[in-house]
Structures are given as structure tokens and as C-alpha cells.
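Text of my_file_2.cif (mmCIF, C-alpha atoms) as supplied:
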data_data
loop_
_atom_site.label_atom_id
_atom_site.label_comp_id
_atom_site.auth_asym_id
_atom_site.auth_seq_id
_atom_site.Cartn_x
_atom_site.Cartn_y
_atom_site.Cartn_z
CA MET Z 104 -19.33 -105.92 -45.26
CA SER Z 105 -16.34 -108.17 -44.42
CA GLU Z 106 -17.65 -109.04 -40.92
CA GLN Z 107 -21.04 -109.90 -42.38
CA VAL Z 108 -19.40 -112.16 -44.97
CA GLN Z 109 -17.43 -113.97 -42.27
CA THR Z 110 -20.43 -114.37 -39.95
CA ARG Z 111 -22.95 -115.59 -42.47
CA ALA Z 112 -20.50 -118.17 -43.79
CA ALA Z 113 -19.62 -119.49 -40.34
CA ASP Z 114 -23.10 -119.78 -38.78
CA THR Z 115 -24.12 -123.03 -40.40
CA ASP Z 116 -23.60 -126.73 -39.74
CA ALA Z 117 -23.19 -127.10 -43.49
CA VAL Z 118 -19.65 -125.75 -43.20
CA GLU Z 119 -18.49 -128.50 -40.85
CA HIS Z 120 -20.36 -131.10 -42.87
CA ALA Z 121 -18.66 -129.90 -46.07
CA ARG Z 122 -15.26 -129.88 -44.36
CA GLN Z 123 -15.78 -133.48 -43.29
CA ARG Z 124 -16.89 -134.42 -46.78
CA ALA Z 125 -13.68 -132.89 -48.09
CA ALA Z 126 -11.67 -134.93 -45.59
CA ASP Z 127 -13.48 -138.13 -46.57
CA ALA Z 128 -13.14 -137.55 -50.33
CA GLN Z 129 -11.89 -140.61 -52.16
CA ARG Z 130 -11.31 -138.95 -55.53
CA VAL Z 131 -9.68 -135.53 -55.59
CA VAL Z 132 -8.75 -133.03 -58.29
CA VAL Z 133 -5.78 -130.88 -57.26
CA LYS Z 134 -5.08 -127.84 -59.41
CA ALA Z 135 -1.64 -126.22 -59.06
CA GLY Z 136 -1.27 -122.74 -60.48
CA THR Z 137 1.76 -121.25 -62.15
CA ASN Z 138 2.88 -119.35 -59.05
CA SER Z 139 2.73 -122.59 -57.08
CA LEU Z 140 5.37 -124.09 -59.35
CA THR Z 141 7.65 -121.23 -60.40
CA ASP Z 142 10.12 -118.85 -58.79
CA ASP Z 143 10.33 -115.04 -58.80
CA GLN Z 144 11.68 -115.16 -62.36
CA SER Z 145 8.69 -117.28 -63.44
CA ARG Z 146 10.92 -120.31 -64.00
CA LEU Z 147 10.14 -123.81 -62.80
CA ASP Z 148 11.02 -124.21 -59.12
CA ARG Z 149 11.91 -127.81 -58.33
CA GLU Z 150 11.58 -127.26 -54.58
CA LYS Z 151 7.98 -126.09 -55.02
CA LEU Z 152 7.26 -128.98 -57.36
CA ASP Z 153 8.65 -131.51 -54.88
CA LYS Z 154 6.54 -129.98 -52.11
CA LEU Z 155 3.42 -130.36 -54.27
CA VAL Z 156 4.28 -133.99 -54.98
CA ASP Z 157 4.86 -134.63 -51.27
CA ASP Z 158 1.41 -133.21 -50.51
CA ILE Z 159 -0.25 -135.27 -53.23
CA MET Z 160 1.45 -138.44 -52.03
CA ASP Z 161 0.02 -137.86 -48.57
CA LEU Z 162 -3.41 -138.26 -50.18
CA ARG Z 163 -2.27 -141.28 -52.18
CA GLU Z 164 -0.93 -142.95 -49.04
CA ARG Z 165 -4.37 -142.47 -47.52
CA GLY Z 166 -5.81 -144.53 -50.37
CA LYS Z 167 -7.26 -141.61 -52.33
CA ASP Z 168 -7.28 -141.19 -56.11
CA VAL Z 169 -5.73 -137.91 -57.23
CA LEU Z 170 -5.95 -136.09 -60.56
CA LEU Z 171 -3.46 -133.25 -60.89
CA VAL Z 172 -4.25 -130.30 -63.16
CA SER Z 173 -0.91 -128.58 -63.52
CA SER Z 174 0.13 -125.22 -64.88
CA GLY Z 175 3.82 -124.34 -65.19
CA ALA Z 176 4.66 -125.41 -68.74
CA VAL Z 177 5.59 -121.88 -69.80
CA GLY Z 178 7.73 -121.45 -66.71
CA ALA Z 179 9.41 -124.78 -67.38
CA GLY Z 180 10.18 -123.62 -70.92
CA LYS Z 181 11.86 -120.42 -69.82
CA GLY Z 182 15.62 -120.75 -69.76
CA ARG Z 183 15.49 -123.53 -72.36
CA VAL Z 184 14.63 -121.29 -75.30
CA ASP Z 185 16.90 -118.38 -76.25
CA HIS Z 186 14.14 -116.22 -77.71
CA ASP Z 187 12.06 -113.31 -76.50
CA VAL Z 188 8.43 -114.34 -76.15
CA GLU Z 189 5.92 -111.65 -77.02
CA THR Z 190 3.01 -113.18 -78.90
CA VAL Z 191 0.42 -115.80 -77.99
CA GLU Z 192 1.87 -118.11 -80.61
CA GLU Z 193 5.34 -117.78 -79.09
CA SER Z 194 3.93 -118.44 -75.61
CA GLN Z 195 2.25 -121.57 -76.92
CA ALA Z 196 5.47 -122.73 -78.55
CA LEU Z 197 7.33 -122.07 -75.30
CA ALA Z 198 4.74 -124.11 -73.43
CA THR Z 199 5.28 -127.07 -75.73
CA VAL Z 200 9.01 -126.92 -75.00
CA GLY Z 201 8.34 -126.63 -71.29
CA GLN Z 202 5.71 -129.38 -71.12
CA SER Z 203 8.20 -132.20 -71.63
CA HIS Z 204 10.61 -130.55 -69.20
CA LEU Z 205 7.81 -130.21 -66.63
CA MET Z 206 6.81 -133.85 -67.00
CA ARG Z 207 10.43 -134.97 -66.63
CA HIS Z 208 10.59 -133.21 -63.27
CA TYR Z 209 7.24 -134.65 -62.22
CA THR Z 210 8.44 -138.14 -63.18
CA GLU Z 211 11.62 -137.73 -61.15
CA SER Z 212 9.75 -136.33 -58.17
CA PHE Z 213 7.03 -138.99 -58.10
CA ASP Z 214 9.71 -141.67 -58.59
CA ARG Z 215 10.84 -140.88 -55.04
CA TYR Z 216 7.63 -142.64 -53.99
CA ASP Z 217 7.62 -145.23 -56.77
CA GLN Z 218 4.43 -143.56 -58.01
CA LYS Z 219 3.64 -143.79 -61.72
CA ILE Z 220 2.14 -140.83 -63.56
CA ALA Z 221 0.55 -140.15 -66.94
CA GLN Z 222 0.10 -137.05 -69.08
CA LEU Z 223 -3.16 -135.89 -70.63
CA LEU Z 224 -3.24 -132.79 -72.84
CA LEU Z 225 -6.78 -131.59 -73.46
CA THR Z 226 -8.62 -128.91 -75.42
CA GLU Z 227 -12.11 -127.49 -75.11
CA HIS Z 228 -13.25 -129.99 -77.75
CA ASP Z 229 -12.22 -132.86 -75.46
CA LEU Z 230 -14.52 -131.47 -72.77
CA SER Z 231 -17.48 -130.24 -74.83
CA ASN Z 232 -17.78 -133.05 -77.40
CA PRO Z 233 -19.66 -135.93 -75.73
CA GLU Z 234 -17.88 -138.70 -77.62
CA ARG Z 235 -14.43 -137.22 -77.03
CA PHE Z 236 -15.15 -136.57 -73.37
CA THR Z 237 -16.37 -140.15 -72.93
CA ASN Z 238 -13.03 -141.32 -74.33
CA THR Z 239 -11.18 -138.93 -72.03
CA ARG Z 240 -13.15 -140.06 -69.00
CA ASN Z 241 -12.59 -143.74 -69.83
CA THR Z 242 -8.85 -143.12 -70.07
CA ILE Z 243 -8.83 -141.34 -66.71
CA GLU Z 244 -10.86 -144.12 -65.09
CA THR Z 245 -8.43 -146.73 -66.42
CA LEU Z 246 -5.41 -144.78 -65.14
CA LEU Z 247 -6.98 -144.45 -61.70
CA ASP Z 248 -7.81 -148.17 -61.67
CA TRP Z 249 -4.13 -148.80 -62.37
CA GLY Z 250 -3.10 -146.60 -59.45
CA ILE Z 251 -1.58 -143.97 -61.73
CA VAL Z 252 -1.79 -140.21 -61.13
CA PRO Z 253 -3.06 -138.42 -64.27
CA ILE Z 254 -1.40 -135.03 -64.82
CA ILE Z 255 -3.64 -132.85 -66.98
CA ASN Z 256 -2.91 -129.65 -68.83
CA GLU Z 257 -4.15 -127.73 -71.86
CA ASN Z 258 -2.85 -128.79 -75.25
CA ASP Z 259 -1.21 -125.44 -75.97
CA ALA Z 260 0.19 -126.58 -79.31
CA VAL Z 261 -3.26 -126.59 -80.91
CA ALA Z 262 -5.26 -124.25 -78.66
CA THR Z 263 -5.72 -120.58 -79.43
CA GLU Z 264 -6.95 -118.88 -76.24
CA GLU Z 265 -5.96 -121.10 -73.29
CA ILE Z 266 -2.86 -119.19 -72.29
CA ARG Z 267 -4.73 -115.88 -72.37
CA ILE Z 268 -7.72 -116.77 -70.18
CA GLY Z 269 -6.15 -118.64 -67.26
CA ASP Z 270 -8.22 -121.62 -68.20
CA ASN Z 271 -6.66 -124.28 -65.99
CA ASP Z 272 -9.09 -123.13 -63.32
CA MET Z 273 -11.88 -123.84 -65.80
CA LEU Z 274 -10.21 -127.08 -66.84
CA SER Z 275 -9.88 -128.39 -63.29
CA SER Z 276 -13.48 -127.53 -62.47
CA SER Z 277 -14.76 -129.12 -65.69
CA VAL Z 278 -12.77 -132.29 -65.04
CA ALA Z 279 -13.96 -132.42 -61.43
CA ILE Z 280 -17.58 -132.14 -62.53
CA GLY Z 281 -17.24 -134.47 -65.52
CA VAL Z 282 -15.39 -137.25 -63.74
CA ASP Z 283 -17.57 -137.09 -60.62
CA VAL Z 284 -14.84 -136.41 -58.10
CA ASP Z 285 -15.47 -135.83 -54.41
CA LEU Z 286 -13.33 -132.70 -53.92
CA LEU Z 287 -11.70 -129.90 -55.91
CA VAL Z 288 -8.62 -128.25 -54.39
CA THR Z 289 -7.15 -125.17 -56.07
CA LEU Z 290 -3.64 -124.35 -54.83
CA THR Z 291 -2.44 -120.81 -55.36
CA ASP Z 292 0.00 -118.25 -53.93
CA VAL Z 293 -2.41 -116.77 -51.39
CA GLY Z 294 -4.12 -118.36 -48.42
CA GLY Z 295 -7.60 -118.43 -49.90
CA VAL Z 296 -10.23 -115.81 -50.71
CA TYR Z 297 -9.92 -112.52 -48.84
CA THR Z 298 -12.11 -109.53 -48.11
CA ALA Z 299 -9.56 -107.44 -50.06
CA ASN Z 300 -6.40 -108.10 -52.02
CA PRO Z 301 -3.99 -109.37 -49.31
CA LYS Z 302 -0.99 -108.41 -51.42
CA HIS Z 303 -1.95 -104.74 -51.23
CA ASP Z 304 -4.13 -104.45 -48.11
CA GLU Z 305 -2.78 -105.63 -44.78
CA THR Z 306 -6.25 -105.43 -43.25
CA ALA Z 307 -7.61 -108.06 -45.63
CA GLN Z 308 -9.21 -111.00 -43.84
CA ARG Z 309 -9.45 -114.54 -45.11
CA ILE Z 310 -13.00 -115.75 -45.76
CA GLU Z 311 -13.12 -119.20 -44.22
CA SER Z 312 -16.13 -120.48 -46.12
CA VAL Z 313 -18.46 -119.58 -48.95
CA GLY Z 314 -22.05 -120.71 -49.12
CA GLU Z 315 -25.10 -118.47 -48.90
CA ASN Z 316 -22.74 -115.48 -48.87
CA TYR Z 317 -21.49 -116.18 -52.40
CA GLY Z 318 -22.97 -112.99 -53.88
CA GLU Z 319 -21.22 -110.84 -51.31
CA VAL Z 320 -17.94 -112.69 -51.77
CA GLN Z 321 -18.16 -112.32 -55.53
CA GLN Z 322 -18.70 -108.58 -55.12
CA LEU Z 323 -15.74 -108.23 -52.73
CA VAL Z 324 -13.45 -110.12 -55.10
CA SER Z 325 -14.61 -108.03 -58.04
CA GLU Z 326 -13.94 -104.81 -56.15
CA SER Z 327 -10.59 -105.82 -54.65
CA THR Z 328 -8.82 -107.39 -57.62
CA PRO Z 329 -8.62 -106.16 -61.21
CA GLU Z 330 -9.68 -108.56 -63.91
CA GLN Z 331 -6.70 -110.64 -64.92
CA PHE Z 332 -6.05 -113.98 -66.58
CA GLY Z 333 -6.10 -116.85 -64.10
CA GLY Z 334 -6.90 -114.45 -61.23
CA ILE Z 335 -8.86 -115.05 -58.07
CA GLN Z 336 -12.16 -114.17 -59.76
CA THR Z 337 -11.91 -117.19 -62.04
CA LYS Z 338 -10.91 -119.42 -59.13
CA VAL Z 339 -13.92 -118.28 -57.11
CA GLU Z 340 -16.30 -118.76 -60.04
CA ARG Z 341 -15.03 -122.23 -60.83
CA ALA Z 342 -15.00 -123.33 -57.18
CA ARG Z 343 -18.62 -122.19 -56.99
CA ALA Z 344 -19.42 -124.15 -60.16
CA ALA Z 345 -18.09 -127.30 -58.49
CA ALA Z 346 -20.11 -126.53 -55.35
CA GLU Z 347 -23.24 -126.18 -57.46
CA HIS Z 348 -22.58 -129.75 -58.64
CA ASP Z 349 -22.44 -130.97 -55.03
CA ILE Z 350 -18.62 -131.04 -54.92
CA PRO Z 351 -16.84 -129.35 -51.99
CA ALA Z 352 -14.11 -127.02 -53.24
CA ILE Z 353 -11.20 -125.42 -51.41
CA ILE Z 354 -8.89 -122.59 -52.47
CA ALA Z 355 -5.70 -122.77 -50.40
CA GLN Z 356 -2.08 -121.70 -50.37
CA SER Z 357 0.37 -124.10 -51.99
CA THR Z 358 3.13 -123.19 -49.53
CA GLU Z 359 0.97 -124.02 -46.48
CA PRO Z 360 2.78 -126.85 -44.66
CA ASP Z 361 1.05 -130.20 -45.24
CA VAL Z 362 -1.83 -128.39 -46.92
CA LEU Z 363 -3.50 -131.49 -48.37
CA GLU Z 364 -2.99 -133.46 -45.16
CA LYS Z 365 -4.80 -130.70 -43.26
CA ILE Z 366 -7.70 -130.96 -45.68
CA ALA Z 367 -7.72 -134.75 -45.34
CA THR Z 368 -7.92 -134.45 -41.56
CA ALA Z 369 -10.77 -131.90 -41.62
CA LYS Z 370 -8.65 -129.01 -40.37
CA PRO Z 371 -9.70 -125.50 -41.46
CA VAL Z 372 -7.45 -124.32 -44.28
CA GLY Z 373 -7.94 -121.84 -47.08
CA THR Z 374 -11.48 -120.99 -48.18
CA LEU Z 375 -14.06 -123.76 -48.28
CA PHE Z 376 -16.92 -123.64 -50.82
CA VAL Z 377 -19.92 -125.43 -49.40
CA PRO Z 378 -21.92 -127.60 -51.83
CA THR Z 379 -25.18 -125.80 -52.48
CA ASN Z 380 -27.52 -128.75 -53.17
CA GLY Z 381 -30.01 -126.06 -54.17
CA GLU Z 382 -30.01 -124.95 -50.52
CA TYR Z 383 -28.25 -121.61 -50.98
CA ASP Z 384 -29.57 -120.52 -54.34
CA GLU Z 385 -29.99 -116.78 -54.45
#

Could you spell out this file's structure in C-alpha cells?
Amino acid sequence: MSEQVQTRAADTDAVEHARQRAADAQRVVVKAGTNSLTDDQSRLDREKLDKLVDDIMDLRERGKDVLLVSSGAVGAGKGRVDHDVETVEESQALATVGQSHLMRHYTESFDRYDQKIAQLLLTEHDLSNPERFTNTRNTIETLLDWGIVPIINENDAVATEEIRIGDNDMLSSSVAIGVDVDLLVTLTDVGGVYTANPKHDETAQRIESVGENYGEVQQLVSESTPEQFGGIQTKVERARAAAEHDIPAIIAQSTEPDVLEKIATAKPVGTLFVPTNGEYDE
């Protein structure tokens, strides 16, 4: 099935058109997962964070607006709290400790470019309640008008399920759709979506694009990776949701050199989700 997935995704002009749309995007949501910001001990890795900021600033220097949806608060909290963390409540408390630490490092890193940032902590109510989302959107629009990079995360102090469901993938997709961005980029610790789990199967092949082959890709992902919080299944589903709202989406590896520059210059990187426009409905 893997060859069929690759072929059907590649044999369409829509792929190149979507790649060019991604390159031309003026407003971009970049989602950075926990593994893109932490080390092998799950603690905040400043080198990884600086690399992410460097990539984002490449987009900013091209005149693009960037919204960053950032995980990593729990990792940033580790090492600063001398307690074992076993429950959801303790994880949430750890995240609140780590959030300020994470933002301090972001501030220092963006200061290298004299780039101002802002923090937004959201819950499901901020996305689902029309009045609250209007207020959220207006704040984001004002920040972007001011040339500020909004850094968005879940408000773990008051949420009950966010840590457990890997919801920053959902958050980034919801923000991308709600704020009418031109591109959603999800950065993770693998090079995109594969025909099997690349961490366990050396024969796994990267799927370069997803369009009319979405059903097959979804099946491959379901078969190759067990259900887990914040796993590739959620990333695929949320990238597809953006594509269904006419937003190109890309899942790519955070450690890829100049990953966002490659996207901005229409070079193939990661897995591209082609906007459906009703064209590839199954």
C-alpha cells in the first residue's frame, strides 16, 4: 500500500500549487511539540529552543506574521520543582512553574533579534465561546499589527484534560482556522508522516504529500503507531482539518536545518497536506 500512497499523492499539480501557497503564506502558525524543545531527560533544551527561534525569525525577516503554539512548559518545570509528579494535577502545577521559565527563555532568545513576544494562555472555552474567541482573535490581531510574535499555550492551571490529550495539536489547528492564517506548520521529532513508525521500522518511507490519499494515510498511521497523547494520529487529523478549511499544512522535523526557510522557498520538506477545497472529499 505504501507505493500506492506515495504515487497517488504525487501525481497531481495540486501538490506543487499547495507547496507554493505555503511558501507565499503571509500569516503562519508554527506549532512546536514537547520533543522539539526538550532533551532526553524531558527537560527544556535551550539549544533546541534557540534553533526554533532562529527558524521563526527567518519567516519574520521575510515579512511574515508568525503565531507560535508552544509545548514544553512541563519540561521547563522539571528540575525546578523537587517533587515527584504522578497525577494530572501535579503535572498541571509543574506546567505552571515551567511556563514562566519557558517564557523567560523565549524572551532571551528572541531578544537576540530585538523581537518582542507576548504570551496567551487559552482554554477550550476561549475557542468555543464566540464572544471569548472574538476577544482572543482581536488581541492576536493587535499583537500582529504591532509586529509582536504571540506565543500560545494551554492554560494548564485551570484546564482539566489538556495535558492528557496532547491538545496543542488541536489548539494550533483551531487557532489557524479561527484566525484565518495561510499556513499551519507542525514541528515534531520525526521527518513527517511515514508509511510505518520510522522509530521502529527502518523500511518506513516518508509520505511527501497528503490529499486524495488521506484515507489510506490515516489507515497506515493507525496501524503503525499505537494511540498515544499528542501522537502522530492527532497531528495528521488536525493537519487534515486545516486542509479542509483551505489552509496548507505541513508536518516536519524540528531539527531539519533551516526547516522554515525551506518551506518559505517552496522546497519539499516533511509531509504536505494539500487543501481539499471540496476537491478530494471521499

- Could you tell me which residues the PyMOL selection byres ((chain Z and resi 304-321) around 6) returns for this structure, as a list in words?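 Checked against the file, the PyMOL selection byres ((chain Z and resi 304-321) around 6) matches Gln109, Ala112, Val296, Tyr297, Thr298, Ala299, Asn300, Pro301, His303, Gln322, Leu323, Val324, Thr374, Leu375, Phe376, Val377 and Tyr383 of chain Z.
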
- How far is it from CA of Leu290 (chain Z) to CA of Gly136 (chain Z), in Å with one decimal? 6.3 Å

- Which residues fall under the PyMOL selection byres ((chain Z and resi 362) around 12) in this file, as a ChimeraX atom specification? /Z:126,133,154-162,288-291,294-295,353-361,363-373

- Item | Of the listed residues Z:Asn258, Z:Gln144, Z:Asn138, Z:Thr242, that which approaches Val282 (chain Z) most closely, counting all atoms listed in the file |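 For Val282 (chain Z), the nearest of the candidates is Z:Thr242.
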
- Item | Pick from Z:Leu286, Z:Ile243, Z:Val177, Z:Val252 nearest to Ala352 (chain Z), counting all atoms listed in the file |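 Looking at the shortest contact to Ala352 (chain Z), the residue is Z:Leu286.
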
- Query: Expanded to explicit residues, what is the PyMOL selection byres ((chain Z and resi 151) around 8) for this file, as a list of chain:residue names?
  - Reply: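 Matching residues under the PyMOL selection byres ((chain Z and resi 151) around 8) are Z:Ser139, Z:Leu140, Z:Thr141, Z:Asp148, Z:Arg149, Z:Glu150, Z:Leu152, Z:Asp153, Z:Lys154, Z:Leu155, Z:Thr358.
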
Store the residues of this selection in a file with C-alpha atoms, as a short mmCIF file (atom, residue, chain, number, x, y, z; two decimals), in the frame of the given file.
data_model
loop_
_atom_site.label_atom_id
_atom_site.label_comp_id
_atom_site.auth_asym_id
_atom_site.auth_seq_id
_atom_site.Cartn_x
_atom_site.Cartn_y
_atom_site.Cartn_z
CA SER Z 139 2.73 -122.59 -57.08
CA LEU Z 140 5.37 -124.09 -59.35
CA THR Z 141 7.65 -121.23 -60.40
CA ASP Z 148 11.02 -124.21 -59.12
CA ARG Z 149 11.91 -127.81 -58.33
CA GLU Z 150 11.58 -127.26 -54.58
CA LEU Z 152 7.26 -128.98 -57.36
CA ASP Z 153 8.65 -131.51 -54.88
CA LYS Z 154 6.54 -129.98 -52.11
CA LEU Z 155 3.42 -130.36 -54.27
CA THR Z 358 3.13 -123.19 -49.53
#

- Item | Within 12 Å of file point (-8.8, -117.7, -59.7), counting only C-alpha atoms, expressed as number ranges by chain | Z: 134-138, 268-276, 288-293, 295-296, 321, 324-325, 328-343, 353-355

- d(CA of Leu247 (chain Z), CA of Glu211 (chain Z)) in Å: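 According to the coordinates, CA of Leu247 (chain Z) and CA of Glu211 (chain Z) are separated by 19.8 Å.
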
- Message: Just the number, please: distance in Å from CA of Asp127 (chain Z) to CA of Thr237 (chain Z), one decimal.
- Response: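 Interatomic distance, CA of Asp127 (chain Z) to CA of Thr237 (chain Z): 26.6 Å.
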
- With distances taken over all atoms listed in the file, which of Z:Ala179, Z:Val261, Z:Ala198, Z:Val169 is nearest to Ala279 (chain Z)?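 Answer, going by the shortest atom-to-atom distance: Z:Val169.
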
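The environment of Gly201 (chain Z) within 8 Å, counting all atoms listed in the file and disregarding residues fewer than 5 places along the same chain, consists of Gly175, Ala176, Val177, Gly178, Ala179, Gly180, Lys181 and Arg183 of chain Z.
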
Once you add 5 Å to each side, what are the centre and edge lengths of the axis-aligned box holding all listed atoms of region 218-228 of chain Z? One decimal in Å, as JSON, if you can.
{"center_x": -4.4, "center_y": -135.6, "center_z": -67.9, "size_x": 27.7, "size_y": 26.3, "size_z": 29.7}

Rebuild region 317-328 of chain Z so that it carries all heavy atoms, then output the result as an mmCIF file, keeping the file's coordinate frame.
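Contents of selection12.cif, as written:
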data_model
loop_
_atom_site.group_PDB
_atom_site.id
_atom_site.type_symbol
_atom_site.label_atom_id
_atom_site.label_comp_id
_atom_site.auth_asym_id
_atom_site.auth_seq_id
_atom_site.Cartn_x
_atom_site.Cartn_y
_atom_site.Cartn_z
ATOM 1 N N TYR Z 317 -22.247 -116.208 -51.145
ATOM 2 C CA TYR Z 317 -21.490 -116.180 -52.400
ATOM 3 C C TYR Z 317 -21.610 -114.838 -53.122
ATOM 4 O O TYR Z 317 -20.609 -114.304 -53.637
ATOM 5 C CB TYR Z 317 -21.942 -117.305 -53.333
ATOM 6 C CG TYR Z 317 -21.293 -117.227 -54.705
ATOM 7 C CD1 TYR Z 317 -19.940 -117.443 -54.867
ATOM 8 C CD2 TYR Z 317 -22.059 -116.906 -55.840
ATOM 9 C CE1 TYR Z 317 -19.340 -117.361 -56.114
ATOM 10 C CE2 TYR Z 317 -21.464 -116.822 -57.082
ATOM 11 C CZ TYR Z 317 -20.110 -117.055 -57.219
ATOM 12 O OH TYR Z 317 -19.526 -116.965 -58.456
ATOM 13 N N GLY Z 318 -22.797 -114.259 -53.185
ATOM 14 C CA GLY Z 318 -22.970 -112.990 -53.880
ATOM 15 C C GLY Z 318 -22.115 -111.895 -53.283
ATOM 16 O O GLY Z 318 -21.500 -111.106 -54.017
ATOM 17 N N GLU Z 319 -22.042 -111.843 -51.968
ATOM 18 C CA GLU Z 319 -21.220 -110.840 -51.310
ATOM 19 C C GLU Z 319 -19.731 -111.078 -51.567
ATOM 20 O O GLU Z 319 -18.958 -110.139 -51.787
ATOM 21 C CB GLU Z 319 -21.500 -110.857 -49.801
ATOM 22 C CG GLU Z 319 -22.940 -110.509 -49.447
ATOM 23 C CD GLU Z 319 -23.278 -110.932 -48.031
ATOM 24 O OE1 GLU Z 319 -22.355 -110.941 -47.184
ATOM 25 O OE2 GLU Z 319 -24.451 -111.261 -47.769
ATOM 26 N N VAL Z 320 -19.332 -112.357 -51.520
ATOM 27 C CA VAL Z 320 -17.940 -112.690 -51.770
ATOM 28 C C VAL Z 320 -17.546 -112.329 -53.201
ATOM 29 O O VAL Z 320 -16.484 -111.743 -53.453
ATOM 30 C CB VAL Z 320 -17.686 -114.192 -51.519
ATOM 31 C CG1 VAL Z 320 -16.287 -114.595 -51.978
ATOM 32 C CG2 VAL Z 320 -17.874 -114.517 -50.047
ATOM 33 N N GLN Z 321 -18.419 -112.642 -54.140
ATOM 34 C CA GLN Z 321 -18.160 -112.320 -55.530
ATOM 35 C C GLN Z 321 -17.986 -110.815 -55.716
ATOM 36 O O GLN Z 321 -17.101 -110.354 -56.448
ATOM 37 C CB GLN Z 321 -19.281 -112.850 -56.414
ATOM 38 C CG GLN Z 321 -19.002 -112.773 -57.909
ATOM 39 C CD GLN Z 321 -20.150 -113.341 -58.708
ATOM 40 O OE1 GLN Z 321 -21.317 -113.100 -58.403
ATOM 41 N NE2 GLN Z 321 -19.836 -114.106 -59.742
ATOM 42 N N GLN Z 322 -18.807 -110.040 -55.026
ATOM 43 C CA GLN Z 322 -18.700 -108.580 -55.120
ATOM 44 C C GLN Z 322 -17.388 -108.086 -54.523
ATOM 45 O O GLN Z 322 -16.715 -107.223 -55.095
ATOM 46 C CB GLN Z 322 -19.880 -107.918 -54.401
ATOM 47 C CG GLN Z 322 -19.861 -106.394 -54.470
ATOM 48 C CD GLN Z 322 -21.045 -105.764 -53.759
ATOM 49 O OE1 GLN Z 322 -22.008 -106.441 -53.414
ATOM 50 N NE2 GLN Z 322 -20.975 -104.466 -53.534
ATOM 51 N N LEU Z 323 -17.000 -108.619 -53.367
ATOM 52 C CA LEU Z 323 -15.740 -108.230 -52.730
ATOM 53 C C LEU Z 323 -14.554 -108.532 -53.633
ATOM 54 O O LEU Z 323 -13.650 -107.712 -53.790
ATOM 55 C CB LEU Z 323 -15.568 -108.960 -51.401
ATOM 56 C CG LEU Z 323 -16.347 -108.427 -50.208
ATOM 57 C CD1 LEU Z 323 -16.193 -109.366 -49.024
ATOM 58 C CD2 LEU Z 323 -15.861 -107.032 -49.832
ATOM 59 N N VAL Z 324 -14.553 -109.721 -54.220
ATOM 60 C CA VAL Z 324 -13.450 -110.120 -55.100
ATOM 61 C C VAL Z 324 -13.391 -109.218 -56.312
ATOM 62 O O VAL Z 324 -12.317 -108.787 -56.745
ATOM 63 C CB VAL Z 324 -13.612 -111.598 -55.523
ATOM 64 C CG1 VAL Z 324 -12.649 -111.948 -56.640
ATOM 65 C CG2 VAL Z 324 -13.390 -112.512 -54.321
ATOM 66 N N SER Z 325 -14.554 -108.904 -56.873
ATOM 67 C CA SER Z 325 -14.610 -108.030 -58.040
ATOM 68 C C SER Z 325 -14.072 -106.648 -57.725
ATOM 69 O O SER Z 325 -13.380 -106.036 -58.547
ATOM 70 C CB SER Z 325 -16.047 -107.947 -58.550
ATOM 71 O OG SER Z 325 -16.138 -107.068 -59.648
ATOM 72 N N GLU Z 326 -14.359 -106.149 -56.519
ATOM 73 C CA GLU Z 326 -13.940 -104.810 -56.150
ATOM 74 C C GLU Z 326 -12.465 -104.746 -55.750
ATOM 75 O O GLU Z 326 -11.808 -103.717 -55.909
ATOM 76 C CB GLU Z 326 -14.787 -104.303 -54.975
ATOM 77 C CG GLU Z 326 -16.235 -104.056 -55.337
ATOM 78 C CD GLU Z 326 -17.086 -103.726 -54.122
ATOM 79 O OE1 GLU Z 326 -16.578 -103.877 -52.990
ATOM 80 O OE2 GLU Z 326 -18.255 -103.332 -54.306
ATOM 81 N N SER Z 327 -11.938 -105.856 -55.224
ATOM 82 C CA SER Z 327 -10.590 -105.820 -54.650
ATOM 83 C C SER Z 327 -9.500 -106.242 -55.617
ATOM 84 O O SER Z 327 -8.327 -105.968 -55.382
ATOM 85 C CB SER Z 327 -10.519 -106.701 -53.404
ATOM 86 O OG SER Z 327 -10.754 -108.064 -53.744
ATOM 87 N N THR Z 328 -9.849 -106.920 -56.693
ATOM 88 C CA THR Z 328 -8.820 -107.390 -57.620
ATOM 89 C C THR Z 328 -9.217 -107.033 -59.043
ATOM 90 O O THR Z 328 -10.336 -107.299 -59.479
ATOM 91 C CB THR Z 328 -8.645 -108.916 -57.532
ATOM 92 O OG1 THR Z 328 -9.909 -109.550 -57.771
ATOM 93 C CG2 THR Z 328 -8.122 -109.318 -56.171
#
